[in-house]
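Enquirer: Okay, here's the structure, questions in a sec.
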Amino acid sequence: MYPVDVGPQYEGERIRKGEFQVEFGGPSVSHKGELATVRGLDEVEHDKITVTGPDIKDLPEGYSGSFFIKLDVAGEALEKDMEAVLERRIHQYINYIEGVFHMAQRSDVWIRIHKNSFKNGLNSLEHVGRILIDLYTAELPVIEKMSLEFATDPARVQELLGGAMKVYKERDERMKGLREEDVEEFYGCVLCQSFAPTHVCVITPERVGLCGAVSWYDGRAATKVDPEGAQFAIPKGNLVDEEGIGYDNVNEVVAERTMGESTRFSLHSALSYPHTSCGCFEAIVFYIPEVDGFGIVSRDFVGSTVVGNPFSTLAGMASGGKQNEGYLGVGVQYLSSPKFLIGDGGYSRVAWMPSTLKELVQESVSEGLLDKIATEKDVQNVDELTEFMQNAGRL
Amino acid sequence: MASETMVMPYYKFNVLTGTKAAKVIADPAEGAAIIDRAKNPLYIFGPEVIANPVGACLLIDYALKIAKSRDMPICATAHVKKKMLELGVKPDCTYDIIEIIHFLKDKNWSGVRGKGYHDLVLFAGVRCDLAERGLATLKHFAPHLKTFAVCRRSHPNADFAVPVIVKGDKWREYLEGLIEALGVKA
Amino acid sequence: MSKGKMREEEIRRIIRADDEWEPVGPTPMPSLIDLRNWDFRLLDTYEPFYAPFCDLCCLCTYGKCDLTGNKRGACGIDIASQQARWILMCVLMGTAAHGAHGRHMVDHLIEKLGADTKIDLGSQINVEAPIIRTVMGLKPETLGDLRKAIEYVEQEMIHLVSATHMGQEGSYRDFESKAFHAAMLDHVALETADIAQIVGFGFPTSVADTPLVDLGWGAVDSTKPTIVVVGHNAVTANAIVDYLRQHDLYDKVEVAGICCTALDVTRYDSGAKVIGPLSRQRFFLKAGLADVIVTDEQCVLTDIPQMAKDTGAALIACSDKICYGLENASARPAVDILRAVLEEQKQFLILDPERAAEVIVQAALALAPMRRDKKQLVTAAEGAALAAKCRGTCEECNRVCPNLLPVSVAVNQAREGNFAKLGEVFLRCLGCGKCEEACGHQIPILRLMQVAATRDTYKMRAGRGPIHDVEIRKVGSPIVLGTIPGVILFAGCSNFPGDIDEVAWLAEELARRKYIVNLSGCAAMAAAMSKDADGKTIFEKYIPEFDAGCIVNLGSCVANSHVVGAAIKIANIFATLPNRANYELMADYILNRVGACAVVWGPYSQKALAIGTGAVRWGIPVVLGPHASKYRRLFMSKKEASDWTVVDGRTKQRVDTKEPTPEHMMVVTETKERALVTIIKQCFRRNDTPPGRAIKLNSYISAYKQVMGSLPDDLQNFIRTEKEIPIVYKREVLAYLKEVGWQPKPVLSLPTIIGTYETEVPIEATIK
């Protein structure tokens, strides 16, 4: 069917410097990008694959140069909002191709094609296009038409990239600006219920799923594309808890989906009716009573946190689909949310976090406060933390 | 030629410890008659049919002719199917060796083609030690059927067994004799 | 027997029931019939399949009794029950082997270190003994607690052995239930033994990146005084290493091991050499490279004294399980023993490991200079001369070869100086020596193989012991979400049907499809004996973490407990279900929700049978190589024709899932190709999420196409909704499903078989 094998087992393949036939984009190339655009049904010619500029077989072995993937789709059920979700699949599907890797996204993309795959017949971007169209349309029947352009001609790449940069910026503005107040529905996810039967994630524009894999946009796209799947819409109803942020209809859905184990979620509090966790969370927010504040730790942090317990022990307290006051499993992206822990005071209550996490969220924390949050480099235990906070004037 | 009871198969570890042993079918014509009498025979192919040469051909070439002579359903165990597809023949069933024996024990099983239980089961190309175990299972737990081990190493636990044939060309002659007696050109 | 009040109180005391780490579940320290309903529930779906090895029963003086047809023995036993009785006896032998090893290990270490020695498996492991916790309800904190575990095993075994006596159990189903019980005890013994030796000998723990050690008979530097230890009990081997270190002889003496002793001594000292698995034992010992042969216990050839004599090597036996009729010199001064060894060529039994170590090392040092000529390997010219009398016509060697090898062709060609065929035979040789025994010309075939056998050295990862709690947390989610299609354990012996590197092939086919691949025992050693084009073994190529696409060496046979332990930990740590004295709940969880499969490609021993039978009771299906048909029993469903009704834990209603998962609990496959697709299929679970099922189906379809040349013939059994069709194959699968008239099936997130049989476990417990 295809010159090389295709399947999820090829995700994560590494292709070293001497091993690639061609390299598109990547850190040594200045112009690269990819863009998915939803267009009208009459604007897209289905199955059209164009290569603008030299193709793989026309390029010398070891070539490295500029590149752009232009993906256009059309379908009755498709919406503009889905573009980012569709675009991310370029990464996933290209990695399905044996001997091809794809890294990053947007204007950072990096693709390498292994010499062996080239030898086996993967000598044209048309093959890649064929595989992509087949995978996209197999998974998403809502795509009625799809076309692809692969640009390797530097002038054309620059032209497409220019347009794309504007679109990326617009998307970011829209996403940043989108608040829970602006939308009528949130999305629920119950994928983990076979491990945590009484857990449900409520995903809002300001609260990503705690595994980190499902954003509000992902939930929206999934619900449209797969109405009987693990994700579903939750019309939010009325705001009934202004502090921790809770909605009446959300609470009703929570009660139903957790078989009554939880009946009320404060979406942005770790102390009052906290959101439950399964066990897949990327990070844990935990209460430190001695300083009446919170610590945050991520899964990759090695060793003991400031309270003496490592991630694994804290995870035991946070998980299991129960409301554990003082413990909250979260996705890392939530740490940069404008509503992060707003019910408990947000970053003004955060006392400790690993230095790597702190660097990640520095733009979400006011400058004056940032230095007053301790890391593993500053303190080793709660006594030292107390002293640190006293010196910082926070206690 | 009078058939005798199997005593010592080629592989001595397959020697029978028991009182009920196979009848040795030294004359392929008698073998053909046994097959002919069967109402619903089944042929089980093991992986050695595609690995073992017989003369210039493979064992499967002969086994396919035998099966074809009476339109016998074929159960291709292990990974035999791949080679069969290359030869243009689709097996009726791809249950693995233990699975097909498990089903054969049940007289109420509708058989490979849904026509009811199989009264004669032929075997070729199953590894001899494993084959002997499978034949023991059927001997004890499937009284409603008979087994015919079409294998030159001979099998005491079968109902009917080929004698021990050491020489390759004698084996080819036996198979050709069987095919001819069944009525398909070798 | 139902437990009286006093016994119940005694159990509560033994397990410290008042310790509040979890509430005590319904079956603390279960006895023979406490889990019988669970066993029968398994047997209802997975019927025992018997392949009698012998038509007779010869157990008592009323025999021999013919059991063909409808005949029964004098005691009334029928063929099925006789097979099941035999299974129980063999499983008990396996349990006893591991249990006695555990008892010996625990007693020895308590003598040395004290019963209060704390169990600490490092910072990455909090749940130190998931099997003991689940089966007994005890959280073992000290070596003294481990002794309780062994006492429990020993206490139950006496009842089980009793049931094998003539005129005892009469039902094959109950024999199987008792065999399950014996096998469960075997797992308790395995875990006890491995924890004890990790704690007592400082084996690696909480470390994934254990050193790479040398493997292969070519790795042994026989220019040095060479000590070869054979068996499974590392007490003596470790004592030898200690002696060498203490006397500054470490670099001057070569210590090598065959079988699990090798795996365990390399966890103690990564400089020791692993000669190989059991199948290389006779070959290596006949080669005369060992100056001193040391035997401990299990899987040790019973004619080693003669082999030692033939090669002029010394022999010291070190276990009360294998005394060889030798004089027990344990109380004699080492100097005395040594003199008798060197001057009178006497062989001894020495049960004191330190004394034995002294004698062994000193004997090696003394003998090595005298044995240089005995270490010369057979040359091609010598080999051709040895084979001179063979004409390749009598074929007696072929007829007795249990692996059906063309030995006569190989020896006949060797006569002409061509050793290529003999090299191929060597790769499949099990080392039984029957060929040379049968040879009318007394050709020493195993020695002849020295010319043909590759002297390559391979790299194998040293055994790492338990899986870390953090690793469990990391993989829990991907297993649910489907990125990890399954957890595989390659265990067991080296009675392989084909080339010795088939395990490596299977391991790599699965690792590259992102399964978590674990190996232990002889399987781990055999898997190292294959190099790719770059000269690397799978242990060098793959990361040694418990994660997708990685390959782990757990250690020796007793380390098999850690994969069962990992499955329990997924339920206990990740899904937070209580495991204390909660066998059925854990097994139900594993059966329905943890995609694990054990593979024993070359099983021969009663120990392997015990381990495999125990896995089945836990809900872990087992795939076996063809020699396993000679165990006489398997557990098979009738595929889609069986009843696959379960309870939906969410609604508490019975639901017919209509899908055979897992399909069989114990099955034999003939070829590695068929084994690959069978293993993949055995990792499907009822609670697979649609994305997870899609990943698993992707592997199934791709492997099936690779080895069988088509879409899977039973694909329709495993697709519940169209969503889970892997997108790469979507179009052709949809066309196929239409052709066969496929109908959607229910998808459950909380399937359980609790509630489909009589049990004390409430359905609510499965949801917590």
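In the structure tokens, each chain is lettered A, B, ... as it comes, each chain's residues begin at 1, and ligands are numbered from 1 in order of appearance.
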Got a sec: who's within 10 Å of segment 77-82 of chain A, counting only C-alpha atoms, leaving out chain neighbours fewer than 4 positions off, as a PDB file with all heavy atoms, in the first residue's frame?

Expert:
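Output below, filename result.pdb:
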```pdb
ATOM      1  N   ALA A  36      -2.907  24.353   9.485  1.00  0.00           N
ATOM      2  CA  ALA A  36      -4.159  23.720   9.065  1.00  0.00           C
ATOM      3  C   ALA A  36      -5.229  24.795   8.998  1.00  0.00           C
ATOM      4  O   ALA A  36      -5.363  25.584   9.927  1.00  0.00           O
ATOM      5  CB  ALA A  36      -4.557  22.639  10.058  1.00  0.00           C
ATOM      6  N   THR A  37      -5.973  24.825   7.904  1.00  0.00           N
ATOM      7  CA  THR A  37      -7.019  25.829   7.745  1.00  0.00           C
ATOM      8  C   THR A  37      -8.325  25.160   7.324  1.00  0.00           C
ATOM      9  O   THR A  37      -8.345  24.324   6.424  1.00  0.00           O
ATOM     10  CB  THR A  37      -6.636  26.848   6.649  1.00  0.00           C
ATOM     11  OG1 THR A  37      -5.282  27.238   6.850  1.00  0.00           O
ATOM     12  CG2 THR A  37      -7.541  28.067   6.697  1.00  0.00           C
ATOM     13  N   VAL A  38      -9.385  25.528   8.022  1.00  0.00           N
ATOM     14  CA  VAL A  38     -10.717  25.046   7.647  1.00  0.00           C
ATOM     15  C   VAL A  38     -11.291  26.018   6.630  1.00  0.00           C
ATOM     16  O   VAL A  38     -11.355  27.226   6.878  1.00  0.00           O
ATOM     17  CB  VAL A  38     -11.628  24.959   8.887  1.00  0.00           C
ATOM     18  CG1 VAL A  38     -13.063  24.642   8.491  1.00  0.00           C
ATOM     19  CG2 VAL A  38     -11.097  23.908   9.852  1.00  0.00           C
ATOM     20  N   ARG A  39     -11.679  25.513   5.466  1.00  0.00           N
ATOM     21  CA  ARG A  39     -12.215  26.379   4.412  1.00  0.00           C
ATOM     22  C   ARG A  39     -13.599  25.884   4.014  1.00  0.00           C
ATOM     23  O   ARG A  39     -14.076  24.859   4.490  1.00  0.00           O
ATOM     24  CB  ARG A  39     -11.283  26.343   3.194  1.00  0.00           C
ATOM     25  CG  ARG A  39      -9.877  26.835   3.506  1.00  0.00           C
ATOM     26  CD  ARG A  39      -9.058  27.042   2.229  1.00  0.00           C
ATOM     27  NE  ARG A  39      -7.679  27.343   2.546  1.00  0.00           N
ATOM     28  CZ  ARG A  39      -7.229  28.543   2.932  1.00  0.00           C
ATOM     29  NH1 ARG A  39      -8.057  29.571   3.037  1.00  0.00           N
ATOM     30  NH2 ARG A  39      -5.940  28.731   3.203  1.00  0.00           N
ATOM     31  N   GLY A  40     -14.185  26.633   3.107  1.00  0.00           N
ATOM     32  CA  GLY A  40     -15.500  26.247   2.580  1.00  0.00           C
ATOM     33  C   GLY A  40     -15.382  25.019   1.687  1.00  0.00           C
ATOM     34  O   GLY A  40     -14.325  24.744   1.115  1.00  0.00           O
ATOM     35  N   VAL A  73      -8.740  21.812   4.855  1.00  0.00           N
ATOM     36  CA  VAL A  73      -9.843  20.855   5.005  1.00  0.00           C
ATOM     37  C   VAL A  73     -11.171  21.573   4.881  1.00  0.00           C
ATOM     38  O   VAL A  73     -11.278  22.775   5.116  1.00  0.00           O
ATOM     39  CB  VAL A  73      -9.800  20.138   6.380  1.00  0.00           C
ATOM     40  CG1 VAL A  73      -8.681  19.142   6.440  1.00  0.00           C
ATOM     41  CG2 VAL A  73      -9.719  21.125   7.509  1.00  0.00           C
ATOM     42  N   LEU A  86      -6.672  20.011  14.666  1.00  0.00           N
ATOM     43  CA  LEU A  86      -6.349  19.286  13.426  1.00  0.00           C
ATOM     44  C   LEU A  86      -4.863  19.404  13.117  1.00  0.00           C
ATOM     45  O   LEU A  86      -4.223  18.456  12.672  1.00  0.00           O
ATOM     46  CB  LEU A  86      -7.178  19.844  12.265  1.00  0.00           C
ATOM     47  CG  LEU A  86      -8.690  19.601  12.356  1.00  0.00           C
ATOM     48  CD1 LEU A  86      -9.431  20.395  11.286  1.00  0.00           C
ATOM     49  CD2 LEU A  86      -9.003  18.121  12.202  1.00  0.00           C
ATOM     50  N   GLU A  87      -4.328  20.592  13.383  1.00  0.00           N
ATOM     51  CA  GLU A  87      -2.914  20.832  13.045  1.00  0.00           C
ATOM     52  C   GLU A  87      -1.994  19.948  13.868  1.00  0.00           C
ATOM     53  O   GLU A  87      -0.975  19.475  13.387  1.00  0.00           O
ATOM     54  CB  GLU A  87      -2.615  22.302  13.324  1.00  0.00           C
ATOM     55  CG  GLU A  87      -1.409  22.852  12.620  1.00  0.00           C
ATOM     56  CD  GLU A  87      -1.385  24.360  12.790  1.00  0.00           C
ATOM     57  OE1 GLU A  87      -2.151  25.046  12.064  1.00  0.00           O
ATOM     58  OE2 GLU A  87      -0.657  24.847  13.673  1.00  0.00           O
ATOM     59  N   PRO A 141     -14.212  11.285   9.907  1.00  0.00           N
ATOM     60  CA  PRO A 141     -15.117  11.314   8.746  1.00  0.00           C
ATOM     61  C   PRO A 141     -15.782  12.663   8.532  1.00  0.00           C
ATOM     62  O   PRO A 141     -16.334  12.936   7.475  1.00  0.00           O
ATOM     63  CB  PRO A 141     -16.170  10.242   9.059  1.00  0.00           C
ATOM     64  CG  PRO A 141     -15.754   9.558  10.284  1.00  0.00           C
ATOM     65  CD  PRO A 141     -14.620  10.278  10.895  1.00  0.00           C
ATOM     66  N   VAL A 142     -15.708  13.544   9.556  1.00  0.00           N
ATOM     67  CA  VAL A 142     -16.263  14.891   9.373  1.00  0.00           C
ATOM     68  C   VAL A 142     -15.461  15.695   8.353  1.00  0.00           C
ATOM     69  O   VAL A 142     -15.924  16.722   7.868  1.00  0.00           O
ATOM     70  CB  VAL A 142     -16.317  15.695  10.693  1.00  0.00           C
ATOM     71  CG1 VAL A 142     -17.417  15.155  11.580  1.00  0.00           C
ATOM     72  CG2 VAL A 142     -14.992  15.649  11.421  1.00  0.00           C
ATOM     73  N   ILE A 143     -14.245  15.229   8.034  1.00  0.00           N
ATOM     74  CA  ILE A 143     -13.482  15.882   6.966  1.00  0.00           C
ATOM     75  C   ILE A 143     -13.994  15.329   5.639  1.00  0.00           C
ATOM     76  O   ILE A 143     -13.830  14.159   5.330  1.00  0.00           O
ATOM     77  CB  ILE A 143     -11.975  15.594   7.081  1.00  0.00           C
ATOM     78  CG1 ILE A 143     -11.421  16.182   8.381  1.00  0.00           C
ATOM     79  CG2 ILE A 143     -11.233  16.133   5.870  1.00  0.00           C
ATOM     80  CD1 ILE A 143      -9.957  15.896   8.620  1.00  0.00           C
ATOM     81  N   GLU A 144     -14.617  16.201   4.895  1.00  0.00           N
ATOM     82  CA  GLU A 144     -15.164  15.743   3.615  1.00  0.00           C
ATOM     83  C   GLU A 144     -14.178  15.956   2.481  1.00  0.00           C
ATOM     84  O   GLU A 144     -14.148  15.219   1.518  1.00  0.00           O
ATOM     85  CB  GLU A 144     -16.468  16.480   3.319  1.00  0.00           C
ATOM     86  CG  GLU A 144     -17.557  16.137   4.351  1.00  0.00           C
ATOM     87  CD  GLU A 144     -18.802  16.985   4.170  1.00  0.00           C
ATOM     88  OE1 GLU A 144     -19.316  17.031   3.030  1.00  0.00           O
ATOM     89  OE2 GLU A 144     -19.249  17.612   5.144  1.00  0.00           O
ATOM     90  N   ARG A 171      -4.739  33.107  16.983  1.00  0.00           N
ATOM     91  CA  ARG A 171      -5.215  31.984  17.792  1.00  0.00           C
ATOM     92  C   ARG A 171      -4.832  32.202  19.250  1.00  0.00           C
ATOM     93  O   ARG A 171      -5.623  31.990  20.155  1.00  0.00           O
ATOM     94  CB  ARG A 171      -4.577  30.673  17.332  1.00  0.00           C
ATOM     95  CG  ARG A 171      -5.192  30.055  16.108  1.00  0.00           C
ATOM     96  CD  ARG A 171      -4.565  28.688  15.940  1.00  0.00           C
ATOM     97  NE  ARG A 171      -4.693  28.200  14.580  1.00  0.00           N
ATOM     98  CZ  ARG A 171      -3.895  27.307  14.028  1.00  0.00           C
ATOM     99  NH1 ARG A 171      -2.891  26.801  14.734  1.00  0.00           N
ATOM    100  NH2 ARG A 171      -4.074  26.888  12.796  1.00  0.00           N
ATOM    101  N   ARG A 174      -6.916  34.735  20.919  1.00  0.00           N
ATOM    102  CA  ARG A 174      -8.261  34.203  21.173  1.00  0.00           C
ATOM    103  C   ARG A 174      -8.239  33.269  22.365  1.00  0.00           C
ATOM    104  O   ARG A 174      -9.095  33.325  23.232  1.00  0.00           O
ATOM    105  CB  ARG A 174      -8.770  33.465  19.930  1.00  0.00           C
ATOM    106  CG  ARG A 174     -10.270  33.634  19.730  1.00  0.00           C
ATOM    107  CD  ARG A 174     -10.795  33.172  18.391  1.00  0.00           C
ATOM    108  NE  ARG A 174     -10.378  31.853  18.020  1.00  0.00           N
ATOM    109  CZ  ARG A 174      -9.685  31.579  16.916  1.00  0.00           C
ATOM    110  NH1 ARG A 174      -9.316  32.551  16.094  1.00  0.00           N
ATOM    111  NH2 ARG A 174      -9.359  30.338  16.624  1.00  0.00           N
ATOM    112  N   MET A 175      -7.214  32.381  22.406  1.00  0.00           N
ATOM    113  CA  MET A 175      -7.152  31.398  23.485  1.00  0.00           C
ATOM    114  C   MET A 175      -6.878  32.059  24.814  1.00  0.00           C
ATOM    115  O   MET A 175      -7.479  31.736  25.816  1.00  0.00           O
ATOM    116  CB  MET A 175      -6.069  30.348  23.206  1.00  0.00           C
ATOM    117  CG  MET A 175      -6.512  29.355  22.180  1.00  0.00           C
ATOM    118  SD  MET A 175      -6.166  27.619  22.437  1.00  0.00           S
ATOM    119  CE  MET A 175      -5.279  27.395  23.866  1.00  0.00           C
ATOM    120  N   TYR A 217     -10.514  23.191  23.893  1.00  0.00           N
ATOM    121  CA  TYR A 217     -10.655  23.068  22.433  1.00  0.00           C
ATOM    122  C   TYR A 217     -10.652  21.605  22.008  1.00  0.00           C
ATOM    123  O   TYR A 217     -11.401  21.202  21.128  1.00  0.00           O
ATOM    124  CB  TYR A 217      -9.529  23.815  21.717  1.00  0.00           C
ATOM    125  CG  TYR A 217      -9.725  25.301  21.708  1.00  0.00           C
ATOM    126  CD1 TYR A 217      -9.028  26.122  22.579  1.00  0.00           C
ATOM    127  CD2 TYR A 217     -10.637  25.889  20.829  1.00  0.00           C
ATOM    128  CE1 TYR A 217      -9.227  27.491  22.581  1.00  0.00           C
ATOM    129  CE2 TYR A 217     -10.837  27.259  20.827  1.00  0.00           C
ATOM    130  CZ  TYR A 217     -10.131  28.058  21.712  1.00  0.00           C
ATOM    131  OH  TYR A 217     -10.316  29.413  21.721  1.00  0.00           O
ATOM    132  N   ASP A 218      -9.764  20.821  22.654  1.00  0.00           N
ATOM    133  CA  ASP A 218      -9.727  19.386  22.342  1.00  0.00           C
ATOM    134  C   ASP A 218     -11.063  18.745  22.688  1.00  0.00           C
ATOM    135  O   ASP A 218     -11.587  17.920  21.940  1.00  0.00           O
ATOM    136  CB  ASP A 218      -8.630  18.680  23.163  1.00  0.00           C
ATOM    137  CG  ASP A 218      -7.238  19.072  22.717  1.00  0.00           C
ATOM    138  OD1 ASP A 218      -7.031  19.170  21.499  1.00  0.00           O
ATOM    139  OD2 ASP A 218      -6.369  19.266  23.597  1.00  0.00           O
ATOM    140  N   ARG A 220     -13.929  20.131  22.838  1.00  0.00           N
ATOM    141  CA  ARG A 220     -14.924  20.589  21.867  1.00  0.00           C
ATOM    142  C   ARG A 220     -14.837  19.802  20.568  1.00  0.00           C
ATOM    143  O   ARG A 220     -15.836  19.314  20.042  1.00  0.00           O
ATOM    144  CB  ARG A 220     -14.670  22.055  21.581  1.00  0.00           C
ATOM    145  CG  ARG A 220     -15.813  22.850  21.092  1.00  0.00           C
ATOM    146  CD  ARG A 220     -15.427  24.313  21.295  1.00  0.00           C
ATOM    147  NE  ARG A 220     -15.721  25.090  20.118  1.00  0.00           N
ATOM    148  CZ  ARG A 220     -16.890  25.687  19.909  1.00  0.00           C
ATOM    149  NH1 ARG A 220     -17.857  25.577  20.778  1.00  0.00           N
ATOM    150  NH2 ARG A 220     -17.085  26.384  18.816  1.00  0.00           N
ATOM    151  N   ALA A 221     -13.612  19.668  20.062  1.00  0.00           N
ATOM    152  CA  ALA A 221     -13.427  18.936  18.802  1.00  0.00           C
ATOM    153  C   ALA A 221     -13.833  17.473  18.981  1.00  0.00           C
ATOM    154  O   ALA A 221     -14.528  16.904  18.138  1.00  0.00           O
ATOM    155  CB  ALA A 221     -11.972  19.032  18.350  1.00  0.00           C
ATOM    156  N   ALA A 222     -13.394  16.880  20.080  1.00  0.00           N
ATOM    157  CA  ALA A 222     -13.690  15.455  20.313  1.00  0.00           C
ATOM    158  C   ALA A 222     -15.184  15.213  20.414  1.00  0.00           C
ATOM    159  O   ALA A 222     -15.715  14.243  19.873  1.00  0.00           O
ATOM    160  CB  ALA A 222     -12.996  14.980  21.580  1.00  0.00           C
ATOM    161  N   LYS A 224     -17.547  16.899  19.077  1.00  0.00           N
ATOM    162  CA  LYS A 224     -18.179  17.023  17.773  1.00  0.00           C
ATOM    163  C   LYS A 224     -17.903  15.791  16.927  1.00  0.00           C
ATOM    164  O   LYS A 224     -18.780  15.275  16.235  1.00  0.00           O
ATOM    165  CB  LYS A 224     -17.619  18.246  17.033  1.00  0.00           C
ATOM    166  CG  LYS A 224     -18.039  19.557  17.597  1.00  0.00           C
ATOM    167  CD  LYS A 224     -18.476  20.517  16.484  1.00  0.00           C
ATOM    168  CE  LYS A 224     -19.526  21.493  16.987  1.00  0.00           C
ATOM    169  NZ  LYS A 224     -19.093  22.326  18.100  1.00  0.00           N
ATOM    170  N   VAL A 225     -16.659  15.343  16.985  1.00  0.00           N
ATOM    171  CA  VAL A 225     -16.220  14.281  16.091  1.00  0.00           C
ATOM    172  C   VAL A 225     -16.667  12.901  16.588  1.00  0.00           C
ATOM    173  O   VAL A 225     -16.921  12.007  15.807  1.00  0.00           O
ATOM    174  CB  VAL A 225     -14.661  14.346  16.012  1.00  0.00           C
ATOM    175  CG1 VAL A 225     -14.072  13.027  15.636  1.00  0.00           C
ATOM    176  CG2 VAL A 225     -14.239  15.419  15.046  1.00  0.00           C
TER     177      VAL A 225
END
```

Enquirer: Do you know which residues are at most 7 Å from Lys23 of chain B counting only C-alpha atoms, after dropping those on the same chain fewer than 5 positions away, and could you put them as a PyMOL selection string?

Expert: chain B and resi 3-6+159-161

Enquirer: Write out the residues from the selection above, keeping N, CA and C atoms, as a compact mmCIF listing (two decimals), in the first residue's frame.

Expert:
```txt
# COMPACT_ATOMS: atom_id res chain seq x y z
N SER B 3 -2.56 -55.19 8.34
CA SER B 3 -1.99 -54.07 9.11
C SER B 3 -1.71 -54.53 10.53
N GLU B 4 -0.67 -53.96 11.09
CA GLU B 4 -0.26 -54.37 12.42
C GLU B 4 -0.41 -53.21 13.39
N THR B 5 -0.23 -53.54 14.64
CA THR B 5 -0.33 -52.50 15.67
C THR B 5 1.03 -51.83 15.84
N MET B 6 1.00 -50.54 15.92
CA MET B 6 2.22 -49.75 16.05
C MET B 6 2.91 -50.04 17.37
N ASP B 159 -5.44 -43.41 15.62
CA ASP B 159 -6.18 -44.62 15.30
C ASP B 159 -5.49 -45.33 14.13
N PHE B 160 -5.09 -44.53 13.15
CA PHE B 160 -4.39 -45.06 11.99
C PHE B 160 -3.07 -44.31 11.81
N ALA B 161 -2.02 -45.07 11.57
CA ALA B 161 -0.71 -44.44 11.43
C ALA B 161 0.03 -45.01 10.25
```

Enquirer: Determine, counting only C-alpha atoms, which protein, DNA and RNA residues have an atom within 12 Å of an atom of Lys119 of chain A; residues of the same chain fewer than 2 positions away are not included. Present the result as a VMD selection string.

Expert: chain A and resid 3 to 4 19 to 21 56 to 57 61 99 113 to 117 121 to 124

Enquirer: Could you give me the residues within segment 308-534 of chain C that DSSP places in strand (DSSP E or B), as a PyMOL selection string?

Expert: chain C and resi 314-317+319+322+327-328+348-349+458-461+487-490+516-520

Enquirer: Output as a PyMOL selection string the set of chain A residues within 8 Å of chain C, with distances taken over only C-alpha atoms.

Expert: chain A and resi 6-10+134-135+138-139+191-197+278-280+312+316+319-320

Enquirer: Write down as a PyMOL selection string the residues of segment 133-274 of chain A whose backbone DSSP state falls under alpha helix (DSSP H).

Expert: chain A and resi 133-139+154-177+216-225+248-257

Enquirer: Name all residues at most 7 Å from segment 163-173 of chain B (count only C-alpha atoms; drop same-chain ones fewer than 5 positions away) and give them as JSON, numbers by chain.

Expert: {"B": [9, 10, 24, 25, 26, 54, 55, 152, 153, 154]}

Enquirer: Which residues of chain B sit at most 8 Å from chain C, using only C-alpha atoms? Give each one's shortest atom pair and distance in Å (one decimal place), in chain and ascending residue order, as a Markdown table.

Expert:
```
| residue | atom | partner | partner_atom | distance |
| --- | --- | --- | --- | --- |
| B:Tyr10 | CA | C:Arg399 | CA | 5.7 |
| B:Tyr11 | CA | C:Arg399 | CA | 4.4 |
| B:Lys12 | CA | C:Val400 | CA | 5.6 |
| B:Phe13 | CA | C:Val400 | CA | 6.4 |
| B:Leu16 | CA | C:Cys54 | CA | 7.3 |
| B:Thr17 | CA | C:Cys54 | CA | 5.3 |
| B:Gly18 | CA | C:Asp55 | CA | 4.9 |
| B:Thr19 | CA | C:Asp66 | CA | 7.1 |
| B:Lys20 | CA | C:Thr68 | CA | 7.4 |
| B:Pro47 | CA | C:Thr671 | CA | 7.7 |
| B:Ala78 | CA | C:Arg674 | CA | 5.0 |
| B:His79 | CA | C:Met708 | CA | 5.4 |
| B:Val80 | CA | C:Met708 | CA | 7.2 |
| B:Lys81 | CA | C:Met708 | CA | 5.6 |
| B:Lys82 | CA | C:Met708 | CA | 4.5 |
| B:Leu85 | CA | C:Gly709 | CA | 7.4 |
| B:Thr94 | CA | C:Asp713 | CA | 7.2 |
| B:Asp96 | CA | C:Thr669 | CA | 7.1 |
| B:Ile97 | CA | C:Thr669 | CA | 7.4 |
| B:Ile98 | CA | C:Val668 | CA | 6.7 |
| B:Glu99 | CA | C:Met636 | CA | 7.7 |
| B:His102 | CA | C:Phe49 | CA | 7.0 |
| B:Phe103 | CA | C:Lys638 | CA | 7.1 |
| B:Arg127 | CA | C:Glu670 | CA | 7.6 |
| B:Cys128 | CA | C:Leu404 | CA | 8.0 |
| B:Asp129 | CA | C:His627 | CA | 7.6 |
| B:Leu130 | CA | C:Pro626 | CA | 6.1 |
| B:Arg133 | CA | C:Ala51 | CA | 5.3 |
| B:Gly134 | CA | C:Ala51 | CA | 6.2 |
| B:Ala136 | CA | C:Ala51 | CA | 5.8 |
| B:Thr137 | CA | C:Ala51 | CA | 4.6 |
| B:Lys139 | CA | C:Thr68 | CA | 8.0 |
| B:His140 | CA | C:Gly69 | CA | 6.0 |
| B:Pro143 | CA | C:Gly69 | CA | 7.7 |
```
